[in-house]
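> My questions will all concern the structure given below.
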Amino acid sequence: MATTMTPLQPGTEAAAQAAAFAIFGSDIPPIGPEDYSGSWRTALHVIAEEWVGEGRFEQHAARTATALNELFATHERYGVGSPEALAGGAALQPLIDRCRHFGITTADLTRHGARFPES
């Protein structure tokens with residue numbers, strides 16, 4: 001017997017929890033009981049504030065810059081369309097997606113040491 005998945009309804013606890021895990025992954029900081037009322041909807045801003053306060057945005061930008069530099073080195077070593085480069089690009093995608101979620105820009109990545117190839 002097949003089960004049918006119902007889509008998440010906006011504004012629900014399930015949607016808020018799914019959003020938290022989609023945005024922050026498993027890197028959700030501990031939330032004190034005074035900041036968590038049992039609702040993911042009210043806790044999302046607390047999680048974001050913790051990320052900023054703990055320097056996680058800066059850490060993520062630096063980690064992504066390093067991964068980008070490694071990918072560019074792989075491009076130089078094996079070629080842009082090589083299996084190694086394609087695998088490296090696929091592995092980098094979650095980091096890039098998280099940068100987009102948090103508004104980390106190319107300038108931020110460059111400030112953290114990313115060396116983008118000249119066009």
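Each chain of the structure tokens is named A, B, ... in the order shown, its residues numbered from 1; ligands are numbered from 1 in display order.
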Excluding same-chain residues fewer than 5 positions from region 59-66 of chain A, what lies within 10 Å of it counting only C-alpha atoms, as a PyMOL selection string?

chain A and resi 51+54+71-72+92-96+98-99+102+104-106+108-116

> Now that the selection is made, can you save its residues with N, CA and C atoms as a JSON list (two decimals), in the first residue's frame?


[["chain", "number", "residue", "atom", "x", "y", "z"],
["A", 51, "TRP", "N", 23.41, 32.30, 15.31],
["A", 51, "TRP", "CA", 24.39, 32.12, 14.23],
["A", 51, "TRP", "C", 25.26, 33.36, 14.11],
["A", 54, "GLU", "N", 27.52, 33.91, 17.33],
["A", 54, "GLU", "CA", 28.62, 32.95, 17.47],
["A", 54, "GLU", "C", 29.62, 33.04, 16.32],
["A", 71, "LEU", "N", 38.29, 24.00, -5.33],
["A", 71, "LEU", "CA", 37.63, 23.67, -6.60],
["A", 71, "LEU", "C", 38.37, 24.32, -7.77],
["A", 72, "PHE", "N", 38.77, 25.59, -7.60],
["A", 72, "PHE", "CA", 39.49, 26.26, -8.68],
["A", 72, "PHE", "C", 40.83, 25.57, -8.95],
["A", 92, "LEU", "N", 30.40, 21.14, -3.33],
["A", 92, "LEU", "CA", 30.38, 22.55, -2.93],
["A", 92, "LEU", "C", 28.96, 23.13, -2.91],
["A", 93, "GLN", "N", 28.06, 22.54, -3.66],
["A", 93, "GLN", "CA", 26.71, 23.11, -3.83],
["A", 93, "GLN", "C", 25.99, 23.40, -2.51],
["A", 94, "PRO", "N", 26.01, 22.50, -1.52],
["A", 94, "PRO", "CA", 25.32, 22.84, -0.26],
["A", 94, "PRO", "C", 25.90, 24.08, 0.43],
["A", 95, "LEU", "N", 27.21, 24.27, 0.33],
["A", 95, "LEU", "CA", 27.81, 25.47, 0.93],
["A", 95, "LEU", "C", 27.33, 26.73, 0.21],
["A", 96, "ILE", "N", 27.28, 26.65, -1.12],
["A", 96, "ILE", "CA", 26.82, 27.80, -1.92],
["A", 96, "ILE", "C", 25.35, 28.09, -1.62],
["A", 98, "ARG", "N", 23.73, 27.55, 1.12],
["A", 98, "ARG", "CA", 23.63, 28.19, 2.43],
["A", 98, "ARG", "C", 24.09, 29.65, 2.34],
["A", 99, "CYS", "N", 25.10, 29.93, 1.52],
["A", 99, "CYS", "CA", 25.51, 31.33, 1.31],
["A", 99, "CYS", "C", 24.33, 32.14, 0.77],
["A", 102, "PHE", "N", 21.77, 33.02, 3.44],
["A", 102, "PHE", "CA", 22.19, 34.02, 4.42],
["A", 102, "PHE", "C", 22.67, 35.31, 3.81],
["A", 104, "ILE", "N", 25.34, 35.80, 1.92],
["A", 104, "ILE", "CA", 26.80, 35.92, 1.83],
["A", 104, "ILE", "C", 27.13, 36.15, 0.35],
["A", 105, "THR", "N", 27.82, 37.24, 0.09],
["A", 105, "THR", "CA", 28.06, 37.67, -1.30],
["A", 105, "THR", "C", 29.45, 37.25, -1.78],
["A", 106, "THR", "N", 29.68, 37.46, -3.07],
["A", 106, "THR", "CA", 31.00, 37.21, -3.66],
["A", 106, "THR", "C", 32.03, 38.09, -2.97],
["A", 108, "ASP", "N", 31.98, 39.07, 0.13],
["A", 108, "ASP", "CA", 32.25, 38.45, 1.43],
["A", 108, "ASP", "C", 33.21, 37.28, 1.27],
["A", 109, "LEU", "N", 32.97, 36.47, 0.25],
["A", 109, "LEU", "CA", 33.84, 35.31, 0.01],
["A", 109, "LEU", "C", 35.25, 35.76, -0.36],
["A", 110, "THR", "N", 35.36, 36.80, -1.16],
["A", 110, "THR", "CA", 36.67, 37.34, -1.53],
["A", 110, "THR", "C", 37.39, 37.87, -0.29],
["A", 111, "ARG", "N", 36.66, 38.53, 0.59],
["A", 111, "ARG", "CA", 37.23, 39.05, 1.83],
["A", 111, "ARG", "C", 37.77, 37.91, 2.70],
["A", 112, "HIS", "N", 37.18, 36.73, 2.56],
["A", 112, "HIS", "CA", 37.63, 35.57, 3.33],
["A", 112, "HIS", "C", 38.65, 34.72, 2.56],
["A", 113, "GLY", "N", 39.16, 35.25, 1.45],
["A", 113, "GLY", "CA", 40.26, 34.60, 0.76],
["A", 113, "GLY", "C", 39.93, 33.86, -0.52],
["A", 114, "ALA", "N", 38.67, 33.86, -0.95],
["A", 114, "ALA", "CA", 38.35, 33.19, -2.22],
["A", 114, "ALA", "C", 39.03, 33.93, -3.36],
["A", 115, "ARG", "N", 39.69, 33.16, -4.22],
["A", 115, "ARG", "CA", 40.38, 33.75, -5.36],
["A", 115, "ARG", "C", 39.65, 33.31, -6.62],
["A", 116, "PHE", "N", 38.68, 34.14, -7.03],
["A", 116, "PHE", "CA", 37.89, 33.82, -8.22],
["A", 116, "PHE", "C", 38.74, 34.01, -9.47]]

> I need the helix (DSSP H, G or I) residues of region 3-109 of chain A per DSSP on the backbone, written as a PyMOL selection string.

chain A and resi 13-24+40-53+56-78+83-102+106-109

> In Å to one decimal, how far is CA of Phe24 (chain A) from CA of Gly55 (chain A)?

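Separating CA of Gly55 (chain A) from CA of Phe24 (chain A) is a distance of 14.0 Å.
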
> Show which residues sit within 12 Å of Glu50 (chain A), as a PyMOL selection string. Count only C-alpha atoms, and ignore same-chain residues fewer than 4 positions away.

chain A and resi 24+27-32+35+43-46+54-57

> Hey, what's within 8 Å of Glu13 (chain A) if we count only C-alpha atoms and toss same-chain stuff fewer than 3 positions away? As a VMD selection string, please?

chain A and resid 16 to 17 39 to 41
